[in-house]
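Only one structure is covered here, and it is reproduced in the block below.
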Amino acid sequence: MAQRQPQDPRFRDRGGARPASTQSGPARPGPARPAVAPRPAPPTVGIAVPAAAAAPLPRTNHLFAGAQFAFIASILMLGLYIGLTSTWTLLEPDFLIGLSLTAAATSLLFAVPPSGKLRGLLVLVPTIDILAVGFFRDTLPNLPTSGLLIVIPVLWLAGGFGVSALPVPVFGAIFVSLVPVARAAAWPTTPGGWGAICILPALVLIITVTVHLAAHQLRAHEGRARIALAAATEAAAIATTVSESVDAAVAFFRPDGTVALRNEVTHEQARLSGFDPKTRAGVHVYGPDRKTRLRPDEQVINRALRGESFRGDLYWVGEPGDQRAIIGNARQVHTDDGTFVGTITVGHDVTDLANAVALREAFLIDVSHELRTPLTSIIGYLDLLTEGHDLRQLGLEREVSTIQRNAEQLYAIIGDLLAAGDAEMRVRIALTDVADIARQSVGAILPQASEAGVVVRAEVPRHVELEGDGGRLRQVLDNLLSNAVKYTPRGGRVVVTVAVDGETCTVNVADTGIGISPDDQRQLFDRFFRAREVRDDARPGVGLGLSIVKSITEAHHGWITVSSRPGRGSTFTVTLPLRQPRAGAPSAS
């Protein structure tokens with residue numbers, strides 16, 4: 001869930017009013033979401049964008065006009081200097097020719113169309129400017145800095161055109177240097193004179209090459225930047241579209257905790273929970289029991305922003321009577337090099353599924369109770385029949401024994417159904433000898449194991465005392481041993497071991513049976529789950545035994561694990577604390 005803020009149709013962290021289509025009022029939760037007017041589609045990114053990104057720097061007339069205006073401004077400064085020092089020079093033919101060439105170049109700049117075949121004529125504009133510099137310099141032989149005017153058209157040619165235009169500024173610099181020589185009609189006779197002729201073309205050559213290489217690198221970087229921008233834009237459009245397409249609340253938070261992306265379902269869940277932006281939590285958020293109100297630090301966003309990653313956490317949002325079941329997920333997002341870029345949270349509305357599960361469990365409990373009463377009477381009368389008559393003499397011993405055995409099996413199944421229906425496994429803690437419980441369970445399973453041709457033995461110490469519910473722990477051992485014998489072929493063996501390691505006790509039940517596939521191991525402790533091999537062999541059972549074992553173990557603040565390979569047997573390990581945590585103390589698990 002995330003707070004409701006004004007949002008841009010693409011990225012929801014930008015300010016501004018929300019589209020009018022989303023302001024028609026809060027949507028009521030339910031199986032069918034209300035119709036909402038379509039939003040403006042986010043801009044799509046075509047595959048042609050990266051190709052366009054590789055294009056060189058823009059060579060528009062507007063860009064070149066800026067360079068020409070800079071050249072004109074430099075000439076005006078030169079004219080101002082001349083007007084203040086030697087006004088008559090403004091009337092010199094060379095100066096007037098330079099002005100005429102500048103005017104002609106400027107006129108050509110605006111005469112050439114911005115696109116088309118004639119656009120190549122723009123190269124003439126800086127070329128003509130270079131010629132004008134030659135005449136300006138000849139007008140002011142005592143002002144060497146006038147030759148620096150050539151820098152502007154040189155930069156223009158080097159950075160704005162291709163390799164074919166590079167000789168133009170060099171030859172132009174040679175022209176500017178030779179204009180005074182041509183007017184004097186004599187070559188220089190001293191090294192300094194030749195140096196004055198060569199220095200400008202040499203400098204222009206260096207500037208031209210340097211600027212051209214820099215412009216080439218800039219275009220390359222610009223191309224890569226455009227490709228990266230196109231990829232980022234495309235990824236943003238995809239992320240936004242995906243988030244709005246799924247029927248789940250999706251929110252992405254930057255490392256500083258600000259919201260970068262959220263979808264419409266997020267706002268619906270936030271409204272239902274009474275979301276408070278200051279605490280980043282909802283007022284009406286409850287635990288799986290639908291009654292225990294969750295503190296702000298226990299809710300999804302605050303947990304996620306603390307760095308927690310979780311999946312499948314169930315909670316209920318909304319005021320009593322109008323609650324929705326939400327499955328919350330959170331995960332941190334890192335780049336390939338490990339850089340943390342943010343946190344994503346997802347909230348799936350599973351109200352219909354949760355209600356269906358609750359209805360199924362209520363039905364099972366009701367049916368189990370209804371079956372248990374007559375079944376108890378059947379078992380009771382079977383006991384009276386066995387005790388009050390000589391069944392062997394009557395020739396009914398085998399038949400009554402079969403009825404009695406199946407009735408007891410049905411009674412055990414009903415007991416499992418009722419235990420599975422408990423919202424919380426209840427245990428009565430007392431000092432218990434686990435070693436003695438293990439020996440009792442092995443003794444009880446021996447007749448069944450002998451009939452199945454399976455050897456069962458216990459390797460346990462004399463005494464292992466811990467705090468626990470002896471009856472429930474006996475139920476754990478009975479279930480594990482029953483499964484081990486049931487799924488071990490004739491000639492196999494089952495071994496029960498009990499050991500103490502520090503503050504915990506470990507109970508292992510190992511068999512040489514058919515084993516469990518890795519896929520089935522992931523669901524082994526789910527209620528009503530049965531492995532495919534077991535279903536294929538039509539072996540009896542309802543898939544509740546291991547679920548009950550897990551519930552009892554966790555009620556003792558312990559845990560259960562399984563290690564198995566198909567055809568190689570299985571080992572179930574139950575780990576229990578020797579002492580149960582006291583009220584206010586942290587759990588041992």
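Convention: chains lettered A, B, ... in structure tokens order; per-chain residue numbering from 1; ligands numbered from 1 as shown.
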_Residue contacts of A:Pro518 (12 Å, only C-alpha atoms) excluding same-chain residues fewer than 4 positions away, as a ChimeraX atom specification_ = /A:522-524,531-532,562-566,570
*Which of stretch 257-490 of chain A counts as strand (DSSP E) under DSSP, as a VMD selection string please?*
chain A and resid 259 to 262 275 to 276 281 to 282 285 to 286 310 to 317 324 to 334 340 to 349 430 to 433 455 to 459 465 to 468
Selected residues, N, CA and C atoms, written as a compact mmCIF listing (two decimals), in the first residue's frame, please.
```
# COMPACT_ATOMS: atom_id res chain seq x y z
N VAL A 259 8.21 7.73 -3.17
CA VAL A 259 7.52 6.85 -4.10
C VAL A 259 7.88 7.21 -5.54
N ALA A 260 8.32 6.22 -6.30
CA ALA A 260 8.65 6.46 -7.70
C ALA A 260 7.55 5.94 -8.63
N LEU A 261 6.82 4.93 -8.19
CA LEU A 261 5.80 4.34 -9.05
C LEU A 261 4.74 3.67 -8.19
N ARG A 262 3.50 3.83 -8.58
CA ARG A 262 2.40 3.14 -7.90
C ARG A 262 1.24 3.04 -8.89
N PHE A 275 -4.97 4.75 5.15
CA PHE A 275 -3.53 4.98 5.11
C PHE A 275 -3.16 6.39 5.59
N ASP A 276 -2.14 6.45 6.44
CA ASP A 276 -1.63 7.72 6.97
C ASP A 276 -0.25 7.97 6.39
N ALA A 281 1.50 3.85 7.23
CA ALA A 281 0.77 2.67 7.69
C ALA A 281 -0.72 2.98 7.67
N GLY A 282 -1.51 1.90 7.68
CA GLY A 282 -2.95 2.03 7.69
C GLY A 282 -3.51 1.92 9.10
N VAL A 285 -5.55 -2.14 9.67
CA VAL A 285 -4.76 -3.26 9.15
C VAL A 285 -4.64 -4.29 10.27
N TYR A 286 -5.04 -5.53 9.98
CA TYR A 286 -5.11 -6.57 11.00
C TYR A 286 -4.31 -7.80 10.56
N PHE A 310 10.13 -10.33 2.09
CA PHE A 310 9.21 -11.38 2.52
C PHE A 310 8.23 -11.66 1.39
N ARG A 311 7.55 -12.79 1.51
CA ARG A 311 6.63 -13.23 0.47
C ARG A 311 5.50 -14.03 1.11
N GLY A 312 4.27 -13.71 0.74
CA GLY A 312 3.13 -14.50 1.17
C GLY A 312 2.60 -14.17 2.55
N ASP A 313 2.90 -12.99 3.10
CA ASP A 313 2.38 -12.62 4.41
C ASP A 313 0.91 -12.18 4.27
N LEU A 314 0.03 -12.81 5.05
CA LEU A 314 -1.40 -12.51 4.97
C LEU A 314 -1.79 -11.49 6.03
N TYR A 315 -2.56 -10.50 5.62
CA TYR A 315 -3.13 -9.54 6.56
C TYR A 315 -4.46 -9.05 5.99
N TRP A 316 -5.27 -8.46 6.84
CA TRP A 316 -6.59 -7.99 6.45
C TRP A 316 -6.64 -6.47 6.58
N VAL A 317 -7.24 -5.80 5.61
CA VAL A 317 -7.36 -4.35 5.64
C VAL A 317 -8.84 -3.98 5.57
N ARG A 324 -10.74 -6.85 3.50
CA ARG A 324 -10.19 -7.57 2.36
C ARG A 324 -8.91 -8.28 2.79
N ALA A 325 -8.73 -9.50 2.31
CA ALA A 325 -7.53 -10.27 2.61
C ALA A 325 -6.45 -9.91 1.60
N ILE A 326 -5.27 -9.55 2.08
CA ILE A 326 -4.17 -9.13 1.22
C ILE A 326 -2.95 -10.01 1.51
N ILE A 327 -2.34 -10.49 0.44
CA ILE A 327 -1.06 -11.18 0.55
C ILE A 327 0.03 -10.17 0.20
N GLY A 328 0.90 -9.87 1.16
CA GLY A 328 1.94 -8.86 0.96
C GLY A 328 3.29 -9.47 0.63
N ASN A 329 3.95 -8.89 -0.38
CA ASN A 329 5.31 -9.28 -0.77
C ASN A 329 6.17 -8.03 -0.82
N ALA A 330 7.44 -8.20 -0.51
CA ALA A 330 8.39 -7.08 -0.60
C ALA A 330 9.75 -7.62 -1.00
N ARG A 331 10.45 -6.83 -1.80
CA ARG A 331 11.78 -7.26 -2.26
C ARG A 331 12.60 -6.03 -2.61
N GLN A 332 13.88 -6.09 -2.28
CA GLN A 332 14.79 -5.01 -2.66
C GLN A 332 15.25 -5.22 -4.10
N VAL A 333 15.54 -4.10 -4.78
CA VAL A 333 15.95 -4.14 -6.17
C VAL A 333 17.40 -3.66 -6.25
N HIS A 334 18.25 -4.47 -6.90
CA HIS A 334 19.66 -4.13 -7.08
C HIS A 334 20.02 -4.25 -8.55
N PHE A 340 22.04 -0.70 -4.81
CA PHE A 340 20.66 -0.71 -4.33
C PHE A 340 19.92 0.46 -4.97
N VAL A 341 18.82 0.16 -5.68
CA VAL A 341 18.09 1.21 -6.39
C VAL A 341 16.69 1.43 -5.83
N GLY A 342 16.23 0.56 -4.93
CA GLY A 342 14.93 0.81 -4.35
C GLY A 342 14.28 -0.47 -3.85
N THR A 343 13.02 -0.34 -3.46
CA THR A 343 12.25 -1.44 -2.88
C THR A 343 10.89 -1.50 -3.56
N ILE A 344 10.44 -2.70 -3.88
CA ILE A 344 9.14 -2.88 -4.50
C ILE A 344 8.25 -3.67 -3.55
N THR A 345 7.00 -3.25 -3.43
CA THR A 345 6.01 -3.96 -2.63
C THR A 345 4.83 -4.33 -3.52
N VAL A 346 4.26 -5.49 -3.25
CA VAL A 346 3.12 -5.98 -4.03
C VAL A 346 2.07 -6.50 -3.06
N GLY A 347 0.84 -6.10 -3.25
CA GLY A 347 -0.26 -6.57 -2.41
C GLY A 347 -1.35 -7.22 -3.25
N HIS A 348 -1.54 -8.53 -3.12
CA HIS A 348 -2.55 -9.26 -3.88
C HIS A 348 -3.82 -9.40 -3.04
N ASP A 349 -4.94 -9.06 -3.62
CA ASP A 349 -6.23 -9.23 -2.95
C ASP A 349 -6.68 -10.68 -3.13
N ALA A 430 4.57 -29.13 30.13
CA ALA A 430 4.98 -29.76 31.39
C ALA A 430 6.32 -30.46 31.13
N LEU A 431 6.99 -30.89 32.19
CA LEU A 431 8.26 -31.60 32.04
C LEU A 431 7.98 -32.98 31.44
N THR A 432 8.63 -33.26 30.31
CA THR A 432 8.33 -34.47 29.53
C THR A 432 9.61 -35.20 29.16
N ASP A 433 9.56 -36.53 29.16
CA ASP A 433 10.70 -37.36 28.78
C ASP A 433 10.52 -37.78 27.32
N VAL A 455 11.68 -53.30 9.58
CA VAL A 455 12.33 -53.31 10.88
C VAL A 455 12.34 -51.90 11.45
N VAL A 456 11.87 -51.75 12.70
CA VAL A 456 11.86 -50.45 13.37
C VAL A 456 12.62 -50.57 14.68
N ARG A 457 13.55 -49.64 14.89
CA ARG A 457 14.30 -49.67 16.16
C ARG A 457 14.52 -48.24 16.64
N ALA A 458 14.72 -48.14 17.96
CA ALA A 458 14.94 -46.83 18.59
C ALA A 458 16.35 -46.78 19.14
N GLU A 459 17.07 -45.72 18.84
CA GLU A 459 18.40 -45.47 19.37
C GLU A 459 18.33 -44.17 20.16
N GLU A 465 14.82 -35.01 29.06
CA GLU A 465 13.69 -34.23 29.56
C GLU A 465 13.67 -32.84 28.94
N LEU A 466 12.48 -32.42 28.59
CA LEU A 466 12.28 -31.06 28.09
C LEU A 466 10.89 -30.60 28.49
N GLU A 467 10.64 -29.32 28.28
CA GLU A 467 9.32 -28.76 28.57
C GLU A 467 8.46 -28.86 27.31
N GLY A 468 7.37 -29.62 27.41
CA GLY A 468 6.51 -29.81 26.25
C GLY A 468 5.24 -30.53 26.62
```
*Find the residues near stretch 87-96 of chain A: any atom within 10 Å, counting only C-alpha atoms, skip ones fewer than 3 places away on the same chain, and give them as JSON, numbers by chain.*
{"A": [79, 80, 81, 82, 83, 84, 99, 100, 101, 102, 132, 133, 134, 135, 136, 137, 138, 139, 140]}
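All residues within stretch 447-522 of chain A that the backbone DSSP calculation assigns to helix (DSSP H, G or I) are Pro447, Gln448, Ala449, Ser450, Glu451, Ala452, Gly470, Gly471, Arg472, Leu473, Arg474, Gln475, Val476, Leu477, Asp478, Asn479, Leu480, Leu481, Ser482, Asn483, Ala484, Val485, Lys486, Pro518, Asp519, Asp520 and Gln521 of chain A.
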*Å distance separating atom CA of A:Leu481 from atom CA of A:Ile514, one decimal place*: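 Between these atoms lies a distance of 14.4 Å.
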*Counting only C-alpha atoms, which of A:Ile378, A:Ala230, A:Glu370, A:Val154 gets nearest to A:Val170?*
A:Val154
*What's the 10 Å shell around A:Ile197, counting only C-alpha atoms, without same-chain residues fewer than 4 positions away, as a PyMOL selection string?*
chain A and resi 173-181+187-188+191-193+201-202
_Option closest in space to A:Ile150, from A:Pro126, A:Gly162, A:Gly558, A:Gly321 [counting only C-alpha atoms]_ =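 Among the listed residues, A:Pro126 lies closest to A:Ile150.
Here atom CA of A:Ala358 and atom CA of A:Ile552 stand 20.7 Å from one another.
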_Selected residue of minimal separation from A:Val434 among A:Arg472, A:Arg398, A:Arg490, A:Arg582, counting only C-alpha atoms_ =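 Checking each of A:Arg472, A:Arg398, A:Arg490, A:Arg582 against A:Val434, counting only C-alpha atoms, the winner is A:Arg472.
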*asked:* Using only C-alpha atoms for the distances, tell me which of A:Leu155, A:Leu118, A:Leu382, A:Ala236 is nearest to A:Leu205.
replied: A:Leu155
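Counting from atom CA of A:Val495, the distance to atom CA of A:Val460 is 10.0 Å.
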*Might you pull out every residue within 8 Å of stretch 441-453 of chain A, with only C-alpha atoms counted and same-chain residues fewer than 6 positions away left off, and present them as number ranges by chain?*
A: 474, 477-478, 481-482, 485-486, 489-492
With N, CA, C and O atoms retained, could you export that selection as a compact mmCIF listing (two decimals), in the first residue's frame?
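After the write, selection_30.txt holds the following:
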```txt
# COMPACT_ATOMS: atom_id res chain seq x y z
N ARG A 474 3.88 -37.16 21.42
CA ARG A 474 3.60 -38.54 21.04
C ARG A 474 2.89 -38.58 19.68
O ARG A 474 3.17 -39.44 18.83
N LEU A 477 5.54 -38.16 16.94
CA LEU A 477 6.30 -39.39 16.68
C LEU A 477 5.42 -40.44 16.01
O LEU A 477 5.87 -41.14 15.08
N ASP A 478 4.19 -40.56 16.44
CA ASP A 478 3.30 -41.56 15.84
C ASP A 478 3.07 -41.28 14.36
O ASP A 478 3.08 -42.19 13.52
N LEU A 481 6.40 -41.98 12.37
CA LEU A 481 6.67 -43.41 12.28
C LEU A 481 5.65 -44.11 11.38
O LEU A 481 6.00 -45.01 10.60
N SER A 482 4.38 -43.72 11.48
CA SER A 482 3.36 -44.32 10.63
C SER A 482 3.67 -44.09 9.16
O SER A 482 3.57 -45.00 8.33
N VAL A 485 6.80 -46.23 8.05
CA VAL A 485 6.49 -47.65 7.83
C VAL A 485 5.62 -47.81 6.58
O VAL A 485 5.81 -48.74 5.78
N LYS A 486 4.66 -46.89 6.40
CA LYS A 486 3.73 -46.99 5.28
C LYS A 486 4.45 -46.88 3.93
O LYS A 486 4.09 -47.56 2.96
N PRO A 489 9.32 -50.06 1.62
CA PRO A 489 9.03 -51.40 1.09
C PRO A 489 9.44 -52.49 2.08
O PRO A 489 10.25 -52.27 2.99
N ARG A 490 8.90 -53.67 1.87
CA ARG A 490 9.22 -54.83 2.70
C ARG A 490 10.73 -55.06 2.67
O ARG A 490 11.35 -55.03 1.61
N GLY A 491 11.28 -55.34 3.85
CA GLY A 491 12.72 -55.54 3.97
C GLY A 491 13.47 -54.27 4.34
O GLY A 491 14.68 -54.33 4.60
N GLY A 492 12.79 -53.15 4.40
CA GLY A 492 13.43 -51.90 4.76
C GLY A 492 13.51 -51.72 6.27
O GLY A 492 13.10 -52.58 7.04
```
*Could you pull the residues within 12 Å of stretch 63-70 of chain A, counting only C-alpha atoms, minus those fewer than 2 positions along the same chain, as a ChimeraX atom specification?*
/A:57-61,72-77,102-112,114,119,122-130,149-157,159-161
